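Pasting my_file.tsv here (TSV, C-alpha atoms):
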chain	number	residue	atom	x	y	z
A	1	MET	CA	0.00	0.00	0.00
A	2	LYS	CA	2.83	2.36	0.92
A	3	LEU	CA	4.65	1.61	-2.32
A	4	GLN	CA	1.43	2.14	-4.27
A	5	ARG	CA	0.86	5.49	-2.63
A	6	LYS	CA	4.47	6.54	-3.18
A	7	ASN	CA	4.28	5.64	-6.87
A	8	ARG	CA	1.01	7.50	-7.20
A	9	LEU	CA	2.56	10.58	-5.59
A	10	ARG	CA	5.48	10.45	-7.97
A	11	ALA	CA	3.23	10.00	-10.95
A	12	ILE	CA	1.01	12.95	-9.99
A	13	THR	CA	3.95	15.21	-9.31
A	14	ALA	CA	5.76	14.19	-12.47
A	15	GLY	CA	2.55	14.78	-14.39
A	16	ALA	CA	2.27	18.29	-13.01
A	17	LEU	CA	5.85	18.93	-14.04
A	18	ALA	CA	5.20	17.56	-17.50
A	19	VAL	CA	2.25	19.90	-18.02
A	20	SER	CA	4.61	22.83	-18.17
A	21	GLY	CA	7.59	20.89	-19.53
A	22	VAL	CA	11.09	22.16	-18.99
A	23	LEU	CA	9.73	25.58	-18.11
A	24	VAL	CA	8.07	24.51	-14.88
A	25	LEU	CA	9.28	26.55	-11.93
A	26	THR	CA	11.73	28.53	-14.04
A	27	ALA	CA	11.95	32.22	-14.68
A	28	CYS	CA	11.38	32.12	-18.41
A	29	GLY	CA	8.77	31.11	-20.90
A	30	SER	CA	5.02	31.34	-21.10
A	31	ASP	CA	2.63	28.66	-19.88
A	32	ASP	CA	-1.04	28.60	-20.78
A	33	ASN	CA	-2.67	26.62	-18.00
A	34	SER	CA	-6.30	26.97	-18.93
A	35	ASP	CA	-8.18	23.70	-18.77
A	36	SER	CA	-10.77	22.58	-21.24
A	37	GLY	CA	-12.45	20.22	-18.82
A	38	GLY	CA	-12.12	17.00	-16.86
A	39	GLY	CA	-10.83	16.24	-13.38
A	40	GLY	CA	-11.84	17.38	-9.93
A	41	SER	CA	-15.57	16.98	-10.55
A	42	LYS	CA	-16.51	16.92	-6.86
A	43	ALA	CA	-14.47	20.04	-6.06
A	44	ALA	CA	-15.63	21.70	-9.26
A	45	SER	CA	-19.26	21.30	-8.25
A	46	ASN	CA	-18.59	23.44	-5.16
A	47	ILE	CA	-17.04	26.33	-7.11
A	48	LYS	CA	-19.04	29.52	-7.59
A	49	CYS	CA	-18.08	30.98	-10.98
A	50	ASP	CA	-18.07	34.75	-11.36
A	51	GLY	CA	-16.68	36.92	-14.12
A	52	LYS	CA	-15.44	35.79	-17.49
A	53	GLY	CA	-12.69	36.36	-20.01
A	54	GLN	CA	-8.94	36.03	-19.52
A	55	LEU	CA	-7.34	36.20	-16.09
A	56	LEU	CA	-3.57	36.68	-16.14
A	57	ALA	CA	-1.30	36.04	-13.17
A	58	SER	CA	2.41	35.39	-12.69
A	59	GLY	CA	5.13	34.98	-10.11
A	60	SER	CA	6.21	32.28	-7.68
A	61	SER	CA	7.65	29.17	-9.25
A	62	ALA	CA	7.20	27.24	-5.99
A	63	GLN	CA	3.42	27.22	-6.37
A	64	LYS	CA	3.39	26.36	-10.08
A	65	ASN	CA	2.42	22.71	-9.56
A	66	ALA	CA	-0.38	23.79	-7.21
A	67	MET	CA	-1.58	26.34	-9.77
A	68	ASP	CA	-1.67	23.68	-12.47
A	69	LEU	CA	-4.00	21.58	-10.34
A	70	TRP	CA	-6.17	24.48	-9.19
A	71	ILE	CA	-6.56	25.85	-12.72
A	72	LYS	CA	-7.52	22.44	-14.06
A	73	THR	CA	-10.25	22.01	-11.45
A	74	TYR	CA	-11.44	25.62	-11.67
A	75	GLY	CA	-11.45	25.51	-15.47
A	76	ALA	CA	-13.65	22.41	-15.43
A	77	ALA	CA	-16.30	24.37	-13.54
A	78	CYS	CA	-15.88	27.87	-14.95
A	79	LYS	CA	-15.75	27.55	-18.72
A	80	ASP	CA	-16.10	31.30	-19.29
A	81	THR	CA	-12.83	32.15	-17.53
A	82	LYS	CA	-9.46	31.36	-19.05
A	83	LEU	CA	-6.76	31.60	-16.39
A	84	ASN	CA	-3.10	31.74	-17.38
A	85	TYR	CA	-0.43	31.59	-14.66
A	86	LYS	CA	3.20	32.10	-15.68
A	87	ALA	CA	5.98	30.95	-13.36
A	88	THR	CA	8.20	33.99	-13.87
A	89	GLY	CA	9.61	33.90	-10.33
A	90	SER	CA	8.46	35.88	-7.30
A	91	GLY	CA	10.39	39.07	-8.06
A	92	ALA	CA	9.25	39.25	-11.67
A	93	GLY	CA	5.67	38.42	-10.72
A	94	ILE	CA	5.47	41.30	-8.25
A	95	GLN	CA	6.92	43.68	-10.82
A	96	GLU	CA	4.36	42.64	-13.43
A	97	PHE	CA	1.57	43.16	-10.92
A	98	LEU	CA	2.91	46.60	-9.96
A	99	GLN	CA	3.00	47.48	-13.66
A	100	GLY	CA	-0.68	46.58	-13.97
A	101	LYS	CA	-0.05	43.63	-16.29
A	102	THR	CA	-1.69	40.94	-14.14
A	103	ALA	CA	-4.77	40.49	-11.95
A	104	PHE	CA	-2.70	39.04	-9.11
A	105	ALA	CA	0.82	37.81	-8.43
A	106	GLY	CA	2.36	34.89	-6.56
A	107	SER	CA	5.29	35.54	-4.21
A	108	ASP	CA	7.16	33.31	-1.77
A	109	SER	CA	7.94	36.38	0.33
A	110	ALA	CA	5.66	39.06	1.72
A	111	LEU	CA	5.69	42.45	0.05
A	112	LYS	CA	8.34	44.97	1.07
A	113	PRO	CA	7.14	48.37	2.36
A	114	GLU	CA	8.34	50.08	-0.81
A	115	GLU	CA	6.40	47.58	-2.92
A	116	VAL	CA	3.23	48.27	-0.94
A	117	LYS	CA	3.77	52.00	-1.48
A	118	SER	CA	4.32	51.48	-5.20
A	119	SER	CA	1.12	49.42	-5.43
A	120	GLU	CA	-0.98	52.49	-4.60
A	121	LYS	CA	-0.55	53.58	-8.23
A	122	ILE	CA	-2.26	50.39	-9.43
A	123	CYS	CA	-4.68	49.83	-6.56
A	124	LYS	CA	-6.75	52.99	-6.89
A	125	GLY	CA	-7.82	53.99	-3.38
A	126	GLY	CA	-6.15	50.93	-1.85
A	127	LYS	CA	-2.91	48.96	-1.70
A	128	ALA	CA	-1.55	45.50	-2.37
A	129	ILE	CA	-1.95	42.87	0.34
A	130	ASP	CA	-0.44	39.44	1.08
A	131	LEU	CA	-2.81	36.46	1.06
A	132	PRO	CA	-1.02	33.25	2.18
A	133	MET	CA	-2.26	30.39	0.03
A	134	VAL	CA	0.36	27.64	-0.40
A	135	GLY	CA	2.56	26.13	2.27
A	136	GLY	CA	5.25	23.50	2.10
A	137	PRO	CA	8.73	22.29	2.98
A	138	ILE	CA	11.88	23.37	1.23
A	139	ALA	CA	13.82	20.14	1.01
A	140	VAL	CA	17.61	19.98	1.05
A	141	GLY	CA	18.44	17.37	-1.54
A	142	PHE	CA	21.78	15.56	-1.75
A	143	ASN	CA	23.62	13.13	-4.00
A	144	VAL	CA	26.39	11.38	-2.06
A	145	PRO	CA	27.36	7.91	-3.32
A	146	GLY	CA	26.80	5.24	-0.68
A	147	VAL	CA	24.84	7.54	1.62
A	148	ASP	CA	21.09	7.01	1.79
A	149	LYS	CA	20.37	8.84	5.03
A	150	LEU	CA	21.94	12.14	6.05
A	151	THR	CA	21.37	14.42	9.05
A	152	LEU	CA	22.60	18.02	9.07
A	153	ASN	CA	21.91	21.05	11.24
A	154	ALA	CA	21.66	24.76	10.46
A	155	ASP	CA	25.25	25.46	11.47
A	156	VAL	CA	26.66	22.81	9.11
A	157	LEU	CA	24.31	23.81	6.28
A	158	GLY	CA	25.35	27.45	6.65
A	159	LYS	CA	29.01	26.49	6.42
A	160	ILE	CA	28.41	24.18	3.45
A	161	PHE	CA	26.56	26.85	1.46
A	162	ASN	CA	29.11	29.49	2.45
A	163	SER	CA	31.96	27.26	1.21
A	164	GLU	CA	33.54	26.72	4.65
A	165	ILE	CA	32.86	22.98	4.74
A	166	LYS	CA	34.13	21.53	1.47
A	167	LYS	CA	34.28	17.73	1.82
A	168	TRP	CA	31.58	15.23	2.69
A	169	ASP	CA	33.79	13.52	5.27
A	170	ASP	CA	34.28	16.77	7.21
A	171	PRO	CA	34.34	16.13	10.99
A	172	ALA	CA	31.28	18.32	11.54
A	173	ILE	CA	29.23	16.16	9.14
A	174	LYS	CA	30.67	12.95	10.61
A	175	ALA	CA	29.62	14.02	14.10
A	176	LEU	CA	25.99	14.15	12.98
A	177	ASN	CA	26.16	10.89	11.01
A	178	LYS	CA	28.14	8.39	13.07
A	179	ASP	CA	26.84	5.34	11.19
A	180	ALA	CA	27.23	6.73	7.66
A	181	LYS	CA	30.15	5.90	5.38
A	182	LEU	CA	30.93	9.41	4.20
A	183	PRO	CA	33.31	9.60	1.22
A	184	SER	CA	36.20	12.03	0.88
A	185	LEU	CA	34.31	13.72	-1.94
A	186	LYS	CA	34.12	17.41	-2.79
A	187	ILE	CA	30.82	19.06	-1.91
A	188	GLN	CA	29.10	20.61	-4.94
A	189	ALA	CA	26.71	23.19	-3.49
A	190	PHE	CA	24.15	24.64	-5.91
A	191	HIS	CA	22.02	27.73	-5.40
A	192	ARG	CA	19.47	29.60	-7.50
A	193	SER	CA	20.78	31.99	-10.15
A	194	ASP	CA	17.46	33.86	-10.40
A	195	GLU	CA	15.87	35.98	-7.70
A	196	SER	CA	13.83	33.49	-5.76
A	197	GLY	CA	11.44	33.41	-2.84
A	198	THR	CA	12.76	29.89	-2.16
A	199	THR	CA	16.24	31.36	-1.69
A	200	ASP	CA	14.75	34.07	0.53
A	201	ASN	CA	13.09	31.53	2.83
A	202	PHE	CA	16.08	29.18	2.86
A	203	THR	CA	18.45	32.00	3.86
A	204	LYS	CA	15.96	33.28	6.46
A	205	TYR	CA	16.17	29.83	8.04
A	206	LEU	CA	19.99	29.88	8.00
A	207	LYS	CA	20.10	33.39	9.47
A	208	ALA	CA	17.57	32.60	12.21
A	209	ALA	CA	18.94	29.21	13.21
A	210	ALA	CA	22.69	29.71	12.62
A	211	PRO	CA	23.57	33.43	12.45
A	212	LYS	CA	27.29	32.83	13.04
A	213	ALA	CA	27.58	30.25	10.26
A	214	TRP	CA	25.48	32.38	7.89
A	215	PRO	CA	26.67	36.02	8.16
A	216	HIS	CA	24.70	37.23	5.14
A	217	GLU	CA	21.34	38.96	5.11
A	218	PRO	CA	18.43	36.89	3.80
A	219	GLY	CA	17.09	37.81	0.40
A	220	LYS	CA	15.80	36.61	-2.96
A	221	ALA	CA	19.25	37.07	-4.51
A	222	TRP	CA	21.97	34.65	-3.38
A	223	GLU	CA	24.61	36.22	-1.10
A	224	GLY	CA	26.65	33.18	-0.06
A	225	GLU	CA	30.30	32.64	-0.92
A	226	GLY	CA	31.22	30.33	-3.79
A	227	GLY	CA	29.06	27.48	-4.95
A	228	GLN	CA	27.46	27.00	-8.36
A	229	SER	CA	24.18	28.30	-9.68
A	230	ALA	CA	21.29	27.07	-11.82
A	231	ASP	CA	18.02	28.61	-12.94
A	232	GLY	CA	14.84	27.76	-11.07
A	233	SER	CA	13.98	24.86	-8.80
A	234	SER	CA	14.04	22.59	-11.84
A	235	GLY	CA	17.61	23.68	-12.57
A	236	VAL	CA	19.09	23.12	-9.12
A	237	SER	CA	17.24	19.84	-8.60
A	238	SER	CA	18.48	18.57	-11.97
A	239	GLN	CA	22.05	19.34	-10.91
A	240	VAL	CA	21.64	17.41	-7.67
A	241	LYS	CA	20.22	14.47	-9.61
A	242	GLN	CA	23.15	14.45	-12.06
A	243	VAL	CA	26.21	15.61	-10.09
A	244	SER	CA	28.00	13.37	-7.62
A	245	GLY	CA	28.57	15.20	-4.33
A	246	ALA	CA	25.84	17.77	-5.01
A	247	ILE	CA	23.53	19.45	-2.53
A	248	SER	CA	20.87	22.12	-2.99
A	249	TYR	CA	17.47	23.38	-1.79
A	250	PHE	CA	14.13	23.16	-3.61
A	251	GLU	CA	10.46	22.35	-3.05
A	252	LEU	CA	9.73	18.83	-1.84
A	253	SER	CA	7.81	17.99	-5.02
A	254	TYR	CA	11.08	18.17	-6.97
A	255	ALA	CA	12.79	15.73	-4.65
A	256	THR	CA	9.84	13.36	-4.96
A	257	ALA	CA	9.56	13.62	-8.74
A	258	ASN	CA	13.29	13.06	-9.25
A	259	SER	CA	13.82	10.43	-6.51
A	260	ILE	CA	16.33	12.72	-4.76
A	261	LYS	CA	17.27	11.89	-1.18
A	262	THR	CA	16.61	14.66	1.34
A	263	VAL	CA	18.38	15.79	4.49
A	264	ASP	CA	16.89	15.25	7.96
A	265	LEU	CA	17.35	18.34	10.13
A	266	ASP	CA	18.82	18.30	13.61
A	267	THR	CA	16.89	21.26	15.03
A	268	GLY	CA	17.59	20.59	18.68
A	269	ALA	CA	14.34	18.62	19.00
A	270	SER	CA	14.30	15.13	20.49
A	271	ALA	CA	14.97	13.58	17.07
A	272	PRO	CA	16.02	14.76	13.58
A	273	VAL	CA	13.08	16.00	11.52
A	274	GLN	CA	12.27	14.81	8.00
A	275	ALA	CA	11.15	17.06	5.15
A	276	THR	CA	7.49	16.05	4.93
A	277	VAL	CA	4.23	17.90	4.34
A	278	GLU	CA	3.01	16.98	7.83
A	279	ASN	CA	6.19	18.22	9.52
A	280	ALA	CA	6.13	21.46	7.53
A	281	SER	CA	2.52	21.99	8.59
A	282	LYS	CA	3.58	21.75	12.24
A	283	ALA	CA	6.13	24.52	11.72
A	284	ILE	CA	3.73	26.71	9.71
A	285	SER	CA	1.08	26.35	12.42
A	286	GLU	CA	3.48	28.21	14.74
A	287	ALA	CA	3.54	31.23	12.40
A	288	LYS	CA	2.22	34.56	13.64
A	289	ILE	CA	0.30	37.02	11.46
A	290	LYS	CA	2.34	40.22	11.26
A	291	GLY	CA	0.21	41.97	8.64
A	292	THR	CA	-2.54	44.40	9.57
A	293	GLY	CA	-6.11	44.66	8.35
A	294	SER	CA	-6.73	42.33	5.44
A	295	ASP	CA	-2.98	41.87	4.89
A	296	LEU	CA	-2.00	38.45	6.24
A	297	ALA	CA	1.80	38.41	5.97
A	298	LEU	CA	3.21	35.72	8.27
A	299	ASP	CA	6.18	35.55	10.59
A	300	LEU	CA	7.38	31.96	10.16
A	301	ALA	CA	9.11	30.04	12.95
A	302	TYR	CA	12.40	29.28	11.17
A	303	ASP	CA	14.21	28.54	14.44
A	304	THR	CA	11.59	26.24	15.96
A	305	LYS	CA	12.81	23.35	18.07
A	306	ALA	CA	9.41	21.74	18.47
A	307	ASP	CA	9.36	17.97	18.01
A	308	GLY	CA	8.38	17.00	14.48
A	309	ALA	CA	8.38	20.60	13.17
A	310	TYR	CA	10.37	21.00	9.93
A	311	PRO	CA	11.56	24.63	9.94
A	312	ILE	CA	12.69	25.22	6.33
A	313	THR	CA	9.29	26.13	5.01
A	314	LEU	CA	7.84	28.64	2.66
A	315	VAL	CA	4.41	30.14	2.32
A	316	THR	CA	3.47	31.53	-1.06
A	317	TYR	CA	1.24	34.58	-1.09
A	318	GLU	CA	-1.20	35.69	-3.73
A	319	ILE	CA	-0.75	39.44	-4.10
A	320	ALA	CA	-3.88	41.45	-4.90
A	321	CYS	CA	-5.30	44.92	-4.21
A	322	ASP	CA	-7.44	45.24	-1.11
A	323	LYS	CA	-9.32	48.00	-2.97
A	324	GLY	CA	-9.05	49.25	-6.53
A	325	ASN	CA	-8.77	45.93	-8.36
A	326	LYS	CA	-9.58	46.23	-12.06
A	327	ALA	CA	-13.33	45.98	-12.59
A	328	SER	CA	-12.80	43.71	-15.60
A	329	THR	CA	-11.02	41.03	-13.54
A	330	LEU	CA	-12.25	41.53	-9.96
A	331	ALA	CA	-15.14	39.04	-10.06
A	332	ALA	CA	-13.06	36.26	-11.62
A	333	THR	CA	-10.13	36.96	-9.29
A	334	LYS	CA	-12.35	36.67	-6.22
A	335	SER	CA	-14.03	33.56	-7.59
A	336	PHE	CA	-10.73	31.80	-8.27
A	337	LEU	CA	-9.06	32.82	-5.00
A	338	THR	CA	-12.20	31.82	-3.08
A	339	TYR	CA	-11.88	28.31	-4.50
A	340	VAL	CA	-8.11	28.21	-3.90
A	341	ALA	CA	-8.56	29.16	-0.23
A	342	SER	CA	-11.49	26.76	0.25
A	343	GLU	CA	-11.21	23.42	2.03
A	344	ASP	CA	-11.41	21.64	-1.34
A	345	GLY	CA	-8.69	23.82	-2.83
A	346	GLN	CA	-6.37	23.34	0.13
A	347	THR	CA	-6.80	19.62	0.73
A	348	SER	CA	-6.18	18.88	-2.96
A	349	LEU	CA	-2.56	19.99	-2.47
A	350	LYS	CA	-1.38	17.22	-0.17
A	351	GLU	CA	-0.54	14.72	-2.92
A	352	LEU	CA	1.64	17.29	-4.66
A	353	GLY	CA	3.87	17.77	-1.62
A	354	TYR	CA	2.31	21.00	-0.37
A	355	ALA	CA	1.02	21.74	3.12
A	356	PRO	CA	-2.56	23.02	3.43
A	357	LEU	CA	-2.86	26.22	5.44
A	358	PRO	CA	-3.66	25.82	9.15
A	359	THR	CA	-7.40	26.25	9.70
A	360	GLU	CA	-7.12	29.53	11.63
A	361	ILE	CA	-5.04	31.16	8.89
A	362	ALA	CA	-7.18	29.70	6.07
A	363	ASN	CA	-10.33	31.19	7.65
A	364	LYS	CA	-8.73	34.64	7.75
A	365	VAL	CA	-7.64	34.31	4.11
A	366	ARG	CA	-11.22	33.52	3.10
A	367	GLU	CA	-12.42	36.64	4.89
A	368	SER	CA	-9.78	38.81	3.18
A	369	VAL	CA	-10.61	37.40	-0.27
A	370	LYS	CA	-14.30	38.09	0.31
A	371	SER	CA	-13.49	41.73	1.13
A	372	LEU	CA	-11.52	42.44	-2.07
A	373	SER	CA	-13.04	45.30	-4.04
Could the structure of this file be written out as structure tokens, please?
Amino acid sequence: MKLQRKNRLRAITAGALAVSGVLVLTACGSDDNSDSGGGGSKAASNIKCDGKGQLLASGSSAQKNAMDLWIKTYGAACKDTKLNYKATGSGAGIQEFLQGKTAFAGSDSALKPEEVKSSEKICKGGKAIDLPMVGGPIAVGFNVPGVDKLTLNADVLGKIFNSEIKKWDDPAIKALNKDAKLPSLKIQAFHRSDESGTTDNFTKYLKAAAPKAWPHEPGKAWEGEGGQSADGSSGVSSQVKQVSGAISYFELSYATANSIKTVDLDTGASAPVQATVENASKAISEAKIKGTGSDLALDLAYDTKADGAYPITLVTYEIACDKGNKASTLAATKSFLTYVASEDGQTSLKELGYAPLPTEIANKVRESVKSLS
């Protein structure tokens, strides 16, 4: 049964990747994700369709697989709306939204104050707000010959990605993996070449949990010393799959789809924590809402030591105007985001390696979506 479920998970994830081909989760290209029908009939029957025409959105690559699934189900119910989501990356998605090119954007990081200020030009009489919609673990994938299980902590990860620990048989790695046969092999650390919300969240974890080992400020652009780069989550995960001695960070769905082994984290809890949807949900449930009004930006618990809580998580936000959304797209935007935030929309994510929002946060998101004008 377990093997069956695992194979099904891989097949679903791989299928989602195949929908957008080599462009999935990258910062280039154009994906038309409208669906002409089929799939998700039960969920589709609960969707209230409003508005019609074309709905354009872009941004976060981390939520691309979730968007593929949501758009397929929504499209089966709402034939009059053609929704196209392009995985341009979080930074590019926000810029397109601020330029008035899209109805909403996806970002793996909450808006910066200057971005909120800039949004007032587009959101007539209002401003852009953060609506958390997709949660999940950022896995640390590795390719070390002869090593199937690997435990690392924030301090060691910080030193690996800052080029201070350079061999897999380094004493610091050995101390955390007493039973592993670690080879004297050069570590090939890969990071994102594009501005990425995944990088932002990964470096926020390093900074919060190991500030001495990671002296750089968190951000979408990589600041670490050395290493090699690749474009998008698909790029770095492909390198880990192919390169002996490689290590990198990417959404769990990429590890699953490519059969990449993932690091267990020594967080200081009673036992190392695996990168799973359930464990990410435990960490996300500790998040505090730091936004005000209908803005629901979250303060994630990157340094949690709670048992079973996997701290390298990201939450992707949909960025929309609280007031002043374009009249031509407002109804369809609210209709789609209402479905996405619904129980059906959230629970459908589990098999793709995403973590549904905690109930308390999901309820607040639904209220904020309802208030969009």
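Minimum distance to Lys124 of chain A across A:Asn162, A:Ser248, A:Asn84, A:Ser373 (counting all atoms listed in the file) occurs at A:Ser373.
The closest residue to Leu185 of chain A, picked from A:Gly146, A:Gly324, A:Gly308, A:Pro272 and counting only C-alpha atoms, is A:Gly146.
Atom to atom, atom CA of Val369 of chain A and atom CA of Ser328 of chain A stand 16.7 Å apart.
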Neighbours of segment 167-183 of chain A within 7 Å (all atoms listed in the file; same-chain residues fewer than 6 positions away dropped), as a list in words? Gly146, Val147, Leu150, Thr151, Leu152 and Val156 of chain A
Shell around Lys204 of chain A at 8 Å using all atoms listed in the file, local window under 3 positions removed, as a PyMOL selection string: chain A and resi 200-201+207-208+217-219+302
Straight-line distance linking atom CA of Ser285 of chain A with atom CA of Ser61 of chain A, stated in Å to one decimal: 22.8 Å
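Across the model, the gap from atom CA of Gln54 of chain A to atom CA of Lys350 of chain A is 28.0 Å.
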Would you mind listing what lies within 8 Å of Asp322 of chain A as a short mmCIF file (atom, residue, chain, number, x, y, z; two decimals) with C-alpha atoms, in the coordinates of the input, with only C-alpha atoms counted and same-chain residues fewer than 6 positions away left out?
data_model
loop_
_atom_site.label_atom_id
_atom_site.label_comp_id
_atom_site.auth_asym_id
_atom_site.auth_seq_id
_atom_site.Cartn_x
_atom_site.Cartn_y
_atom_site.Cartn_z
CA CYS A 123 -4.68 49.83 -6.56
CA GLY A 126 -6.15 50.93 -1.85
CA LYS A 127 -2.91 48.96 -1.70
CA ALA A 128 -1.55 45.50 -2.37
CA ILE A 129 -1.95 42.87 0.34
CA SER A 294 -6.73 42.33 5.44
CA SER A 371 -13.49 41.73 1.13
CA LEU A 372 -11.52 42.44 -2.07
CA SER A 373 -13.04 45.30 -4.04
#
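Residue nearest Ala139 of chain A within the list A:Lys282, A:Lys261, A:Lys370, A:Lys86: A:Lys261 [criterion: smallest interatomic distance, all atoms listed in the file].
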Would you compute, for all listed atoms of segment 157-172 of chain A, the axis-aligned bounding box grown by 5 Å on each side, and then report its centre and edge lengths in Å rounded to one decimal, as JSON?
{"center_x": 29.3, "center_y": 21.5, "center_z": 6.4, "size_x": 20.0, "size_y": 26.0, "size_z": 20.3}
Shell of 9 Å around Gly226 of chain A, all atoms listed in the file, local chain residues under 4 positions omitted, as a short mmCIF file (atom, residue, chain, number, x, y, z; two decimals) with C-alpha atoms, keeping the file's coordinate frame:
data_model
loop_
_atom_site.label_atom_id
_atom_site.label_comp_id
_atom_site.auth_asym_id
_atom_site.auth_seq_id
_atom_site.Cartn_x
_atom_site.Cartn_y
_atom_site.Cartn_z
CA PHE A 161 26.56 26.85 1.46
CA ASN A 162 29.11 29.49 2.45
CA SER A 163 31.96 27.26 1.21
CA ALA A 189 26.71 23.19 -3.49
#
Which residues are close to Ala213 of chain A, i.e. within 9 Å by all atoms listed in the file, leaving aside same-chain residues fewer than 5 positions away? Reply as a PyMOL selection string. chain A and resi 154-159+162+164+206-207
